[in-house]
$ cat coords-v6.cif   # mmCIF, C-alpha atoms and all ligand atoms
data_upload
#
loop_
_atom_site.group_PDB
_atom_site.id
_atom_site.type_symbol
_atom_site.label_atom_id
_atom_site.label_comp_id
_atom_site.auth_asym_id
_atom_site.auth_seq_id
_atom_site.Cartn_x
_atom_site.Cartn_y
_atom_site.Cartn_z
ATOM 1 C CA MET A 1 52.463 152.944 98.193
ATOM 2 C CA LEU A 2 55.971 153.773 99.455
ATOM 3 C CA GLN A 3 56.250 154.568 103.137
ATOM 4 C CA PRO A 4 57.802 157.981 103.906
ATOM 5 C CA ARG A 5 61.199 157.789 105.581
ATOM 6 C CA SER A 6 62.031 161.499 105.602
ATOM 7 C CA ALA A 7 61.043 164.429 107.768
ATOM 8 C CA TYR A 8 61.272 168.198 107.281
ATOM 9 C CA LEU A 9 61.082 170.478 110.328
ATOM 10 C CA HIS A 10 60.471 174.190 109.734
ATOM 11 C CA ILE A 11 62.216 176.596 112.108
ATOM 12 C CA PRO A 12 60.664 179.945 111.148
ATOM 13 C CA PHE A 13 62.799 182.379 113.145
ATOM 14 C CA CYS A 14 65.205 184.834 111.526
ATOM 15 C CA HIS A 15 67.036 187.876 112.785
ATOM 16 C CA ARG A 16 65.371 189.991 110.082
ATOM 17 C CA ARG A 17 63.483 189.425 106.841
ATOM 18 C CA CYS A 18 65.684 189.644 103.749
ATOM 19 C CA PHE A 19 64.386 191.914 100.990
ATOM 20 C CA TYR A 20 63.639 189.077 98.536
ATOM 21 C CA CYS A 21 62.194 186.536 100.997
ATOM 22 C CA ASP A 22 58.550 185.444 101.150
ATOM 23 C CA PHE A 23 59.103 182.310 103.277
ATOM 24 C CA ALA A 24 57.082 181.673 106.430
ATOM 25 C CA VAL A 25 59.459 183.476 108.803
ATOM 26 C CA VAL A 26 59.226 185.306 112.129
ATOM 27 C CA PRO A 27 61.814 188.115 112.431
ATOM 28 C CA LEU A 28 63.071 188.369 116.032
ATOM 29 C CA GLY A 29 65.691 191.129 115.800
ATOM 30 C CA ASP A 30 69.432 191.092 115.273
ATOM 31 C CA HIS A 31 70.342 189.731 118.720
ATOM 32 C CA ALA A 32 67.770 186.949 119.057
ATOM 33 C CA ASP A 33 68.963 183.513 120.137
ATOM 34 C CA GLY A 34 67.279 180.279 121.136
ATOM 35 C CA ALA A 35 68.959 180.417 124.551
ATOM 36 C CA SER A 36 67.002 183.521 125.564
ATOM 37 C CA SER A 37 63.965 183.738 123.287
ATOM 38 C CA GLY A 38 60.590 182.893 124.793
ATOM 39 C CA SER A 39 59.137 182.835 121.256
ATOM 40 C CA ILE A 40 61.518 180.061 120.235
ATOM 41 C CA ALA A 41 60.888 178.085 123.429
ATOM 42 C CA ALA A 42 57.115 178.300 122.925
ATOM 43 C CA TYR A 43 57.389 177.261 119.287
ATOM 44 C CA LEU A 44 59.518 174.220 120.114
ATOM 45 C CA GLU A 45 56.749 173.006 122.402
ATOM 46 C CA LEU A 46 54.248 173.316 119.541
ATOM 47 C CA ILE A 47 56.365 171.479 117.004
ATOM 48 C CA GLU A 48 57.175 168.731 119.526
ATOM 49 C CA THR A 49 53.452 168.338 120.123
ATOM 50 C CA GLU A 50 52.877 167.970 116.402
ATOM 51 C CA ILE A 51 55.599 165.308 116.165
ATOM 52 C CA GLU A 52 54.173 163.417 119.156
ATOM 53 C CA ARG A 53 50.706 163.414 117.605
ATOM 54 C CA SER A 54 51.803 162.159 114.199
ATOM 55 C CA PRO A 55 50.998 158.539 113.414
ATOM 56 C CA GLY A 56 54.676 157.576 113.208
ATOM 57 C CA GLY A 57 56.068 155.159 110.670
ATOM 58 C CA PRO A 58 59.264 153.409 109.626
ATOM 59 C CA PRO A 59 62.611 154.763 110.858
ATOM 60 C CA LEU A 60 63.668 158.012 109.194
ATOM 61 C CA SER A 61 66.573 157.880 106.786
ATOM 62 C CA THR A 62 66.697 161.646 106.153
ATOM 63 C CA VAL A 63 65.859 164.575 108.430
ATOM 64 C CA TYR A 64 66.120 168.233 107.384
ATOM 65 C CA LEU A 65 65.865 171.226 109.721
ATOM 66 C CA GLY A 66 65.229 174.232 107.491
ATOM 67 C CA GLY A 67 63.895 177.709 107.841
ATOM 68 C CA GLY A 68 64.091 180.452 108.595
ATOM 69 C CA THR A 69 67.385 180.357 110.407
ATOM 70 C CA PRO A 70 67.618 177.071 112.321
ATOM 71 C CA SER A 71 71.011 178.136 113.665
ATOM 72 C CA LEU A 72 69.140 180.468 116.029
ATOM 73 C CA LEU A 73 68.399 177.266 117.976
ATOM 74 C CA THR A 74 70.954 176.121 120.509
ATOM 75 C CA PRO A 75 72.528 172.685 120.023
ATOM 76 C CA ALA A 76 70.461 171.459 122.978
ATOM 77 C CA GLN A 77 67.263 172.611 121.243
ATOM 78 C CA VAL A 78 68.282 170.890 118.010
ATOM 79 C CA GLY A 79 69.003 167.744 120.043
ATOM 80 C CA ARG A 80 65.565 167.998 121.643
ATOM 81 C CA LEU A 81 63.839 168.011 118.254
ATOM 82 C CA LEU A 82 65.897 165.049 117.052
ATOM 83 C CA THR A 83 64.977 163.175 120.224
ATOM 84 C CA ALA A 84 61.283 163.907 119.617
ATOM 85 C CA LEU A 85 61.595 162.450 116.100
ATOM 86 C CA ALA A 86 63.520 159.444 117.375
ATOM 87 C CA MET A 87 60.851 158.747 120.005
ATOM 88 C CA ARG A 88 58.048 158.850 117.418
ATOM 89 C CA PHE A 89 59.730 157.280 114.369
ATOM 90 C CA ARG A 90 63.235 156.161 115.335
ATOM 91 C CA ILE A 91 66.120 157.378 113.215
ATOM 92 C CA ALA A 92 67.741 154.790 110.947
ATOM 93 C CA PRO A 93 71.462 154.027 111.289
ATOM 94 C CA GLY A 94 73.385 156.144 108.777
ATOM 95 C CA ALA A 95 70.517 158.644 108.380
ATOM 96 C CA GLU A 96 71.354 161.961 106.722
ATOM 97 C CA ILE A 97 70.522 164.682 109.269
ATOM 98 C CA SER A 98 70.803 168.185 107.826
ATOM 99 C CA LEU A 99 70.714 171.646 109.352
ATOM 100 C CA GLU A 100 70.576 175.003 107.573
ATOM 101 C CA LEU A 101 73.070 177.506 108.980
ATOM 102 C CA ASP A 102 73.387 181.213 108.296
ATOM 103 C CA PRO A 103 76.821 182.831 108.470
ATOM 104 C CA ALA A 104 77.096 185.162 111.491
ATOM 105 C CA SER A 105 74.475 183.191 113.413
ATOM 106 C CA PHE A 106 76.850 180.546 114.796
ATOM 107 C CA ASP A 107 80.457 180.059 115.791
ATOM 108 C CA GLN A 108 82.788 177.088 115.833
ATOM 109 C CA GLY A 109 81.708 176.032 119.338
ATOM 110 C CA ARG A 110 78.060 176.056 118.354
ATOM 111 C CA LEU A 111 78.849 174.044 115.217
ATOM 112 C CA ALA A 112 80.582 171.437 117.388
ATOM 113 C CA GLY A 113 77.447 171.311 119.552
ATOM 114 C CA TYR A 114 75.220 170.677 116.525
ATOM 115 C CA LEU A 115 77.488 167.869 115.350
ATOM 116 C CA ALA A 116 77.463 166.332 118.822
ATOM 117 C CA ALA A 117 73.649 166.536 118.788
ATOM 118 C CA GLY A 118 73.559 164.366 115.641
ATOM 119 C CA ILE A 119 73.763 166.768 112.683
ATOM 120 C CA ASN A 120 75.935 165.310 109.908
ATOM 121 C CA ARG A 121 75.182 167.593 106.961
ATOM 122 C CA VAL A 122 74.995 171.392 106.767
ATOM 123 C CA SER A 123 73.554 173.816 104.229
ATOM 124 C CA LEU A 124 75.227 177.234 104.497
ATOM 125 C CA GLY A 125 73.195 180.218 103.272
ATOM 126 C CA GLY A 126 76.026 182.251 101.762
ATOM 127 C CA GLN A 127 74.107 183.835 98.829
ATOM 128 C CA SER A 128 76.997 186.108 97.740
ATOM 129 C CA PHE A 129 80.629 186.925 98.503
ATOM 130 C CA ASP A 130 80.057 190.598 97.666
ATOM 131 C CA ASP A 131 79.329 192.872 100.640
ATOM 132 C CA ALA A 132 77.480 195.430 98.493
ATOM 133 C CA VAL A 133 75.226 192.660 97.136
ATOM 134 C CA LEU A 134 74.605 191.235 100.605
ATOM 135 C CA ALA A 135 73.555 194.681 101.832
ATOM 136 C CA ARG A 136 71.269 195.113 98.823
ATOM 137 C CA LEU A 137 69.646 191.733 99.577
ATOM 138 C CA GLY A 138 68.979 192.805 103.176
ATOM 139 C CA ARG A 139 71.229 190.043 104.520
ATOM 140 C CA ARG A 140 72.715 190.407 107.988
ATOM 141 C CA HIS A 141 75.997 188.601 107.299
ATOM 142 C CA ARG A 142 78.949 189.830 105.314
ATOM 143 C CA ARG A 143 81.648 188.228 103.166
ATOM 144 C CA GLN A 144 84.026 187.793 106.096
ATOM 145 C CA ASP A 145 81.342 185.918 108.070
ATOM 146 C CA LEU A 146 80.789 183.621 105.101
ATOM 147 C CA LEU A 147 84.501 182.908 104.651
ATOM 148 C CA GLU A 148 84.868 182.150 108.349
ATOM 149 C CA ALA A 149 81.832 179.843 108.421
ATOM 150 C CA ALA A 150 82.946 177.985 105.282
ATOM 151 C CA GLY A 151 86.369 177.481 106.884
ATOM 152 C CA TRP A 152 84.831 175.904 110.004
ATOM 153 C CA LEU A 153 82.713 173.558 107.879
ATOM 154 C CA ARG A 154 85.681 172.594 105.707
ATOM 155 C CA GLN A 155 87.712 171.864 108.813
ATOM 156 C CA ALA A 156 84.944 169.800 110.423
ATOM 157 C CA GLN A 157 84.584 167.759 107.237
ATOM 158 C CA ALA A 158 88.355 167.223 106.993
ATOM 159 C CA MET A 159 88.393 165.984 110.599
ATOM 160 C CA GLY A 160 85.612 163.483 109.790
ATOM 161 C CA GLU A 161 83.162 165.249 112.149
ATOM 162 C CA LEU A 162 80.834 166.473 109.376
ATOM 163 C CA GLY A 163 79.720 164.198 106.539
ATOM 164 C CA SER A 164 79.038 166.861 103.933
ATOM 165 C CA TRP A 165 78.067 170.477 103.444
ATOM 166 C CA SER A 166 76.516 172.676 100.851
ATOM 167 C CA LEU A 167 76.916 176.333 99.949
ATOM 168 C CA ASP A 168 73.853 178.259 98.709
ATOM 169 C CA LEU A 169 74.333 181.112 96.246
ATOM 170 C CA ILE A 170 71.845 183.342 94.416
ATOM 171 C CA GLN A 171 72.337 184.335 90.792
ATOM 172 C CA GLY A 172 70.474 186.877 88.656
ATOM 173 C CA LEU A 173 70.945 189.660 91.206
ATOM 174 C CA PRO A 174 70.373 193.354 90.448
ATOM 175 C CA GLU A 175 72.886 194.599 87.857
ATOM 176 C CA GLN A 176 74.681 191.252 87.861
ATOM 177 C CA GLY A 177 76.676 190.565 84.712
ATOM 178 C CA LEU A 178 78.626 187.505 83.594
ATOM 179 C CA GLU A 179 81.947 188.685 85.000
ATOM 180 C CA HIS A 180 80.511 189.372 88.444
ATOM 181 C CA TRP A 181 78.872 185.945 88.519
ATOM 182 C CA ARG A 182 82.023 184.250 87.236
ATOM 183 C CA ALA A 183 83.940 185.792 90.141
ATOM 184 C CA GLN A 184 81.310 184.519 92.598
ATOM 185 C CA LEU A 185 81.603 180.996 91.219
ATOM 186 C CA GLU A 186 85.392 181.075 91.460
ATOM 187 C CA GLN A 187 85.223 182.201 95.066
ATOM 188 C CA ALA A 188 82.712 179.484 95.823
ATOM 189 C CA LEU A 189 84.975 176.842 94.292
ATOM 190 C CA ALA A 190 87.909 178.171 96.302
ATOM 191 C CA GLU A 191 85.921 177.355 99.467
ATOM 192 C CA ALA A 192 85.674 173.713 98.274
ATOM 193 C CA PRO A 193 82.078 172.898 99.273
ATOM 194 C CA PRO A 194 81.207 169.301 98.322
ATOM 195 C CA HIS A 195 77.741 170.546 97.255
ATOM 196 C CA LEU A 196 76.454 173.798 95.774
ATOM 197 C CA SER A 197 72.879 175.037 95.433
ATOM 198 C CA ILE A 198 72.493 177.861 92.923
ATOM 199 C CA TYR A 199 69.155 179.633 93.054
ATOM 200 C CA ASP A 200 67.866 182.104 90.491
ATOM 201 C CA LEU A 201 66.479 185.247 92.102
ATOM 202 C CA ILE A 202 62.696 185.387 91.865
ATOM 203 C CA VAL A 203 60.799 188.544 92.808
ATOM 204 C CA GLU A 204 57.991 187.346 95.059
ATOM 205 C CA PRO A 205 54.762 189.210 95.867
ATOM 206 C CA GLY A 206 54.801 191.185 99.101
ATOM 207 C CA THR A 207 58.583 191.544 99.317
ATOM 208 C CA VAL A 208 60.698 194.693 99.416
ATOM 209 C CA PHE A 209 62.081 193.619 96.037
ATOM 210 C CA GLU A 210 58.608 193.600 94.554
ATOM 211 C CA ARG A 211 58.075 197.186 95.692
ATOM 212 C CA LEU A 212 61.450 198.244 94.314
ATOM 213 C CA GLN A 213 60.680 196.562 90.999
ATOM 214 C CA ALA A 214 57.323 198.342 90.779
ATOM 215 C CA ARG A 215 59.170 201.662 91.199
ATOM 216 C CA GLY A 216 61.701 200.744 88.529
ATOM 217 C CA GLN A 217 64.480 200.514 91.117
ATOM 218 C CA LEU A 218 65.440 196.852 90.685
ATOM 219 C CA PRO A 219 67.528 196.475 87.524
ATOM 220 C CA LEU A 220 67.541 192.679 87.157
ATOM 221 C CA PRO A 221 69.183 190.790 84.290
ATOM 222 C CA ASP A 222 66.752 190.094 81.443
ATOM 223 C CA PRO A 223 65.752 186.452 80.733
ATOM 224 C CA ASP A 224 68.533 185.999 78.133
ATOM 225 C CA GLN A 225 71.145 187.324 80.541
ATOM 226 C CA SER A 226 69.788 185.080 83.319
ATOM 227 C CA ALA A 227 69.995 182.082 80.996
ATOM 228 C CA ASP A 228 73.643 182.974 80.295
ATOM 229 C CA LEU A 229 74.364 183.038 84.042
ATOM 230 C CA MET A 230 72.755 179.621 84.485
ATOM 231 C CA GLU A 231 74.715 178.214 81.569
ATOM 232 C CA LEU A 232 77.941 179.580 82.995
ATOM 233 C CA SER A 233 77.172 177.923 86.365
ATOM 234 C CA ALA A 234 76.510 174.567 84.735
ATOM 235 C CA GLU A 235 79.636 174.714 82.549
ATOM 236 C CA ARG A 236 82.009 175.899 85.261
ATOM 237 C CA LEU A 237 80.770 173.537 87.963
ATOM 238 C CA ARG A 238 80.760 170.519 85.649
ATOM 239 C CA ALA A 239 84.325 171.371 84.674
ATOM 240 C CA ALA A 240 85.194 171.418 88.383
ATOM 241 C CA GLY A 241 83.808 167.893 88.818
ATOM 242 C CA TYR A 242 80.344 168.674 90.194
ATOM 243 C CA GLY A 243 77.443 166.610 88.904
ATOM 244 C CA HIS A 244 74.317 168.644 88.045
ATOM 245 C CA TYR A 245 71.828 166.288 89.671
ATOM 246 C CA GLU A 246 68.847 168.628 90.019
ATOM 247 C CA ILE A 247 67.933 171.971 88.504
ATOM 248 C CA SER A 248 69.554 174.030 91.302
ATOM 249 C CA ASN A 249 71.867 171.441 92.801
ATOM 250 C CA TYR A 250 75.432 170.393 92.048
ATOM 251 C CA ALA A 251 77.486 167.856 93.978
ATOM 252 C CA LEU A 252 80.845 166.167 93.953
ATOM 253 C CA PRO A 253 80.525 162.370 93.669
ATOM 254 C CA GLY A 254 78.875 160.914 96.772
ATOM 255 C CA HIS A 255 77.682 164.296 98.108
ATOM 256 C CA ALA A 256 74.218 164.700 96.538
ATOM 257 C CA SER A 257 71.589 165.425 99.186
ATOM 258 C CA ARG A 258 69.508 162.334 99.849
ATOM 259 C CA HIS A 259 66.817 164.538 101.374
ATOM 260 C CA ASN A 260 66.562 166.744 98.228
ATOM 261 C CA ARG A 261 66.041 163.657 96.139
ATOM 262 C CA VAL A 262 63.113 162.502 98.272
ATOM 263 C CA TYR A 263 61.043 165.469 97.062
ATOM 264 C CA TRP A 264 61.256 164.162 93.486
ATOM 265 C CA SER A 265 61.187 160.437 94.189
ATOM 266 C CA GLY A 266 57.494 159.931 94.974
ATOM 267 C CA ALA A 267 58.377 158.413 98.364
ATOM 268 C CA GLY A 268 56.680 161.234 100.299
ATOM 269 C CA TRP A 269 57.821 162.913 103.490
ATOM 270 C CA TRP A 270 56.619 164.108 106.868
ATOM 271 C CA GLY A 271 56.574 167.851 107.516
ATOM 272 C CA PHE A 272 56.355 169.567 110.894
ATOM 273 C CA GLY A 273 56.074 173.201 111.912
ATOM 274 C CA LEU A 274 54.308 176.313 110.710
ATOM 275 C CA GLY A 275 54.308 176.763 106.948
ATOM 276 C CA ALA A 276 55.699 173.241 106.424
ATOM 277 C CA THR A 277 54.270 171.038 103.721
ATOM 278 C CA SER A 278 54.107 167.288 104.149
ATOM 279 C CA ALA A 279 53.248 164.656 101.578
ATOM 280 C CA PRO A 280 53.062 161.230 103.205
ATOM 281 C CA TYR A 281 51.168 158.507 101.367
ATOM 282 C CA GLY A 282 50.335 160.818 98.456
ATOM 283 C CA ARG A 283 48.452 163.307 100.662
ATOM 284 C CA ARG A 284 49.779 166.847 100.491
ATOM 285 C CA LEU A 285 49.144 169.021 103.538
ATOM 286 C CA ALA A 286 50.273 172.650 103.964
ATOM 287 C CA ARG A 287 50.264 174.044 107.482
ATOM 288 C CA PRO A 288 49.246 177.613 108.432
ATOM 289 C CA ARG A 289 52.012 180.184 107.950
ATOM 290 C CA THR A 290 51.706 182.212 111.173
ATOM 291 C CA ARG A 291 52.377 181.168 114.781
ATOM 292 C CA ALA A 292 48.874 181.980 115.970
ATOM 293 C CA ALA A 293 47.212 180.096 113.104
ATOM 294 C CA TYR A 294 49.576 177.141 113.511
ATOM 295 C CA ALA A 295 48.864 176.966 117.268
ATOM 296 C CA ALA A 296 45.110 177.140 116.570
ATOM 297 C CA TRP A 297 45.418 174.427 113.907
ATOM 298 C CA LEU A 298 47.294 172.187 116.331
ATOM 299 C CA GLY A 299 44.658 172.836 118.995
ATOM 300 C CA SER A 300 41.841 171.975 116.633
ATOM 301 C CA SER A 301 43.577 168.759 115.529
ATOM 302 C CA ARG A 302 44.222 167.630 119.128
ATOM 303 C CA ARG A 303 42.032 164.577 118.889
ATOM 304 C CA ARG A 304 42.938 163.412 115.438
ATOM 305 C CA ARG A 305 45.977 161.604 114.197
ATOM 306 C CA SER A 306 47.148 163.742 111.324
ATOM 307 C CA PRO A 307 47.840 163.622 108.458
ATOM 308 C CA ARG A 308 47.689 159.917 107.511
ATOM 309 C CA SER A 309 44.372 159.206 109.143
ATOM 310 C CA SER A 310 42.645 162.555 108.609
HETATM 311 S S1 LIG A 401 67.592 184.370 106.369
HETATM 312 FE FE1 LIG A 401 66.613 183.069 104.773
HETATM 313 S S2 LIG A 401 64.597 182.529 105.574
HETATM 314 FE FE2 LIG A 401 65.382 184.248 106.824
HETATM 315 S S3 LIG A 401 64.515 186.065 105.854
HETATM 316 FE FE3 LIG A 401 66.543 185.762 104.937
HETATM 317 S S4 LIG A 401 66.160 184.495 103.103
HETATM 318 FE FE4 LIG A 401 64.313 184.397 104.371
#
$ encode --input "coords-v6.cif" --output "C-alpha cells"
Amino acid sequence: MLQPRSAYLHIPFCHRRCFYCDFAVVPLGDHADGASSGSIAAYLELIETEIERSPGGPPLSTVYLGGGTPSLLTPAQVGRLLTALAMRFRIAPGAEISLELDPASFDQGRLAGYLAAGINRVSLGGQSFDDAVLARLGRRHRRQDLLEAAGWLRQAQAMGELGSWSLDLIQGLPEQGLEHWRAQLEQALAEAPPHLSIYDLIVEPGTVFERLQARGQLPLPDPDQSADLMELSAERLRAAGYGHYEISNYALPGHASRHNRVYWSGAGWWGFGLGATSAPYGRRLARPRTRAAYAAWLGSSRRRRSPRSS
C-alpha cells in the first residue's frame, strides 16, 4: 500500500458564516485575528497535539492549510504549524505548501510573512467580482478587496516569491445568466491566475440559502442553465490555455495542484483538525466538527496512536 506523503490541516475560524456554507467553521466576528484571539490560540494547541500524537511517516511532499479562513492566523502561527509537521514527518525538499486566503483578511505584509514561513502556493477565495453577488452570498470582502489581493499574488509570483496561486469562483448563483458568468470569467482571466477552481453552487442543508430556497426566494439557474455555465467555463478556459485536469480545476501548464491530485490518486493523506478527514493506508477517519467534541475526541485518544494503529 502506498505511504501517504500529504497532510491537510483544517483551520475552522472565519469572520462570519457565508449564507451558502456548511463547512465545519467557527465564526469569530468581523475583527477577529490570530494575534489576539484566545480561541485560535487554544485551537492551535489542540491541532499541534494531534500532529505530535500521529504515528508519523515519510516526509511530506504536499501540505494544505484550508478552512475556514486560514489567513486569520498570523504568519508566526502558520510557521508554528509547519514546524510541528516538520518535527513529526519532515517536509520533503520542493514540497508544495498551500494556504487558503480570503480577500480582506490579509495585506501585502502578511502575505510576505506567510511566504517567509514556507508557504509557496495560495488559493484565493474570490467567488465573484460582483459586489451585489458577494453581498447576496454573505461574503465579507468586496470586488476591490479581491482585485487588490490578486494583484499582490501576481506580483509575488512575478518576483519568484510565490510558486503558484489559484482563484476560486462560484458559478450557478441566484439569477445568474450566461452573460453575467461570461463577464466573471473575463475578469478572472484578466487577473492572470495560473490556476482556477470553479465551483457550482450547491444548496446545503442548514444554510441560509436552504431557508431562502424553501421560501421561494432563491432563484437559481435550472439544471440546463447550470450545464450551459459549466460548458462556457470549460470552453473559455481551454481557449485561454488552461488544462481542465479535474472536474472543478483548471491550470496553466505546470500549475496543477499536486495536493488536489492526491485525493484522487489512492495514495492517501493525513488530516488534522476539527472536521478534517484523513485517509492514510486506506483507512478513512472523519473528526468531530465542533471544538468541544474535537477536544474531547483528542482527550479520549490520548493513549493511542491514531489513526494508523487504531
Ligand atoms: S469564508 Fe469560506 S469557510 Fe468561511 S464561512 Fe465563508 S465559505 Fe465558509
$ atom_distance --input "coords-v6.cif" --atom1 "atom CA of Phe106 of chain A" --atom2 "atom CA of Ala149 of chain A"
8.1 Å
$ atom_distance --input "coords-v6.cif" --atom1 "atom CA of Pro174 of chain A" --atom2 "atom S4 of ligand LIG 401 (chain A)"
16.0 Å
$ residues_near_ligand --input "coords-v6.cif" --ligand "ligand LIG 401 (chain A)" --cutoff "10 Å" --atoms "all atoms listed in the file" --output "PyMOL selection string"
chain A and resi 11-27+66-70+100-103+105+125-127+137-141
$ resolve_selection --input "coords-v6.cif" --expression "the PyMOL selection byres (((chain A and resi 248) around 6) and not hetatm)" --output "list in words"
Ser197, Ile198, Tyr199, Glu246, Ile247 and Asn249 of chain A
$ closest_residue --input "coords-v6.cif" --among "A:Ala279, A:Ala150, A:Ala84, A:Leu252" --to "Leu44 of chain A" --atoms "all atoms listed in the file"
A:Ala84
$ residues_around --input "coords-v6.cif" --residues "Trp181 of chain A" --least-positions-apart "4" --cutoff "9 Å" --atoms "all atoms listed in the file" --output "MDAnalysis selection string"
chainID A and resid 171:172 176:177 185:186 229 232:233
$ atom_distance --input "coords-v6.cif" --atom1 "atom CA of Leu73 of chain A" --atom2 "atom CA of Gly118 of chain A"
14.1 Å
$ closest_residue --input "coords-v6.cif" --among "A:Arg88, A:Arg80, A:His10, A:Arg182" --to "Ser128 of chain A" --atoms "all atoms listed in the file"
A:Arg182
$ closest_residue --input "coords-v6.cif" --among "A:Leu146, A:Ala295, A:Ala234, A:Ala240" --to "Glu48 of chain A" --atoms "only C-alpha atoms"
A:Ala295
$ resolve_selection --input "coords-v6.cif" --expression "the PyMOL selection byres (((chain A and resi 52) around 10) and not hetatm)" --output "PyMOL selection string"
chain A and resi 46-51+53-56+84-85+87-89+305
$ closest_residue --input "coords-v6.cif" --among "A:Ser37, A:Thr277, A:Gln157, A:Ser6" --to "Leu111 of chain A" --atoms "all atoms listed in the file"
A:Gln157
$ axis_aligned_box --input "coords-v6.cif" --around "segment 37-56 of chain A" --padding-each-side "4 Å" --output "AutoDock Vina command-line options"
--center_x 57.3 --center_y 170.7 --center_z 119.0 --size_x 21.3 --size_y 34.2 --size_z 19.6
$ closest_residue --input "coords-v6.cif" --among "A:Ser39, A:Asn120, A:Gln3, A:Gln184" --to "Gly266 of chain A" --atoms "only C-alpha atoms"
A:Gln3
$ resolve_selection --input "coords-v6.cif" --expression "the PyMOL selection byres (((chain A and resi 130) around 10) and not hetatm)" --output "PDB file with C-alpha atoms, in the coordinates of the input"
ATOM      1  CA  GLN A 127      74.107 183.835  98.829  1.00  0.00           C
ATOM      2  CA  SER A 128      76.997 186.108  97.740  1.00  0.00           C
ATOM      3  CA  PHE A 129      80.629 186.925  98.503  1.00  0.00           C
ATOM      4  CA  ASP A 131      79.329 192.872 100.640  1.00  0.00           C
ATOM      5  CA  ALA A 132      77.480 195.430  98.493  1.00  0.00           C
ATOM      6  CA  VAL A 133      75.226 192.660  97.136  1.00  0.00           C
ATOM      7  CA  LEU A 134      74.605 191.235 100.605  1.00  0.00           C
ATOM      8  CA  ALA A 135      73.555 194.681 101.832  1.00  0.00           C
ATOM      9  CA  ARG A 136      71.269 195.113  98.823  1.00  0.00           C
ATOM     10  CA  ARG A 142      78.949 189.830 105.314  1.00  0.00           C
ATOM     11  CA  ARG A 143      81.648 188.228 103.166  1.00  0.00           C
ATOM     12  CA  GLN A 144      84.026 187.793 106.096  1.00  0.00           C
ATOM     13  CA  HIS A 180      80.511 189.372  88.444  1.00  0.00           C
ATOM     14  CA  ALA A 183      83.940 185.792  90.141  1.00  0.00           C
ATOM     15  CA  GLN A 184      81.310 184.519  92.598  1.00  0.00           C
TER      16      GLN A 184
END
$ residues_around --input "coords-v6.cif" --residues "Pro288 of chain A" --least-positions-apart "2" --cutoff "8 Å" --atoms "all atoms listed in the file" --output "list in words"
Leu274, Gly275, Ala286, Thr290, Arg291, Ala293, Tyr294 and Trp297 of chain A
$ build_atoms --input "coords-v6.cif" --residues "segment 154-165 of chain A" --atoms "N, CA, C and O atoms" --output "compact mmCIF listing (two decimals), in the coordinates of the input"
# COMPACT_ATOMS: atom_id res chain seq x y z
N ARG A 154 84.63 173.34 106.42
CA ARG A 154 85.68 172.59 105.71
C ARG A 154 86.53 171.82 106.71
O ARG A 154 86.86 170.66 106.52
N GLN A 155 86.86 172.49 107.78
CA GLN A 155 87.71 171.86 108.81
C GLN A 155 86.98 170.69 109.47
O GLN A 155 87.56 169.62 109.67
N ALA A 156 85.71 170.89 109.78
CA ALA A 156 84.94 169.80 110.42
C ALA A 156 84.83 168.60 109.49
O ALA A 156 84.91 167.45 109.93
N GLN A 157 84.67 168.88 108.19
CA GLN A 157 84.58 167.76 107.24
C GLN A 157 85.94 167.05 107.15
O GLN A 157 86.01 165.81 107.14
N ALA A 158 87.02 167.83 107.10
CA ALA A 158 88.36 167.22 106.99
C ALA A 158 88.66 166.35 108.21
O ALA A 158 89.36 165.34 108.11
N MET A 159 88.14 166.75 109.36
CA MET A 159 88.39 165.98 110.60
C MET A 159 87.45 164.78 110.71
O MET A 159 87.50 164.03 111.70
N GLY A 160 86.55 164.61 109.74
CA GLY A 160 85.61 163.48 109.79
C GLY A 160 84.45 163.71 110.74
O GLY A 160 83.70 162.78 111.05
N GLU A 161 84.26 164.98 111.21
CA GLU A 161 83.16 165.25 112.15
C GLU A 161 81.87 165.61 111.42
O GLU A 161 80.79 165.57 112.00
N LEU A 162 81.99 166.04 110.17
CA LEU A 162 80.83 166.47 109.38
C LEU A 162 80.86 165.69 108.07
O LEU A 162 81.88 165.68 107.37
N GLY A 163 79.73 165.05 107.73
CA GLY A 163 79.72 164.20 106.54
C GLY A 163 79.82 164.99 105.25
O GLY A 163 80.58 164.65 104.35
N SER A 164 79.03 166.07 105.16
CA SER A 164 79.04 166.86 103.93
C SER A 164 78.46 168.24 104.22
O SER A 164 77.83 168.44 105.25
N TRP A 165 78.68 169.16 103.30
CA TRP A 165 78.07 170.48 103.44
C TRP A 165 77.86 171.11 102.09
O TRP A 165 78.50 170.75 101.10
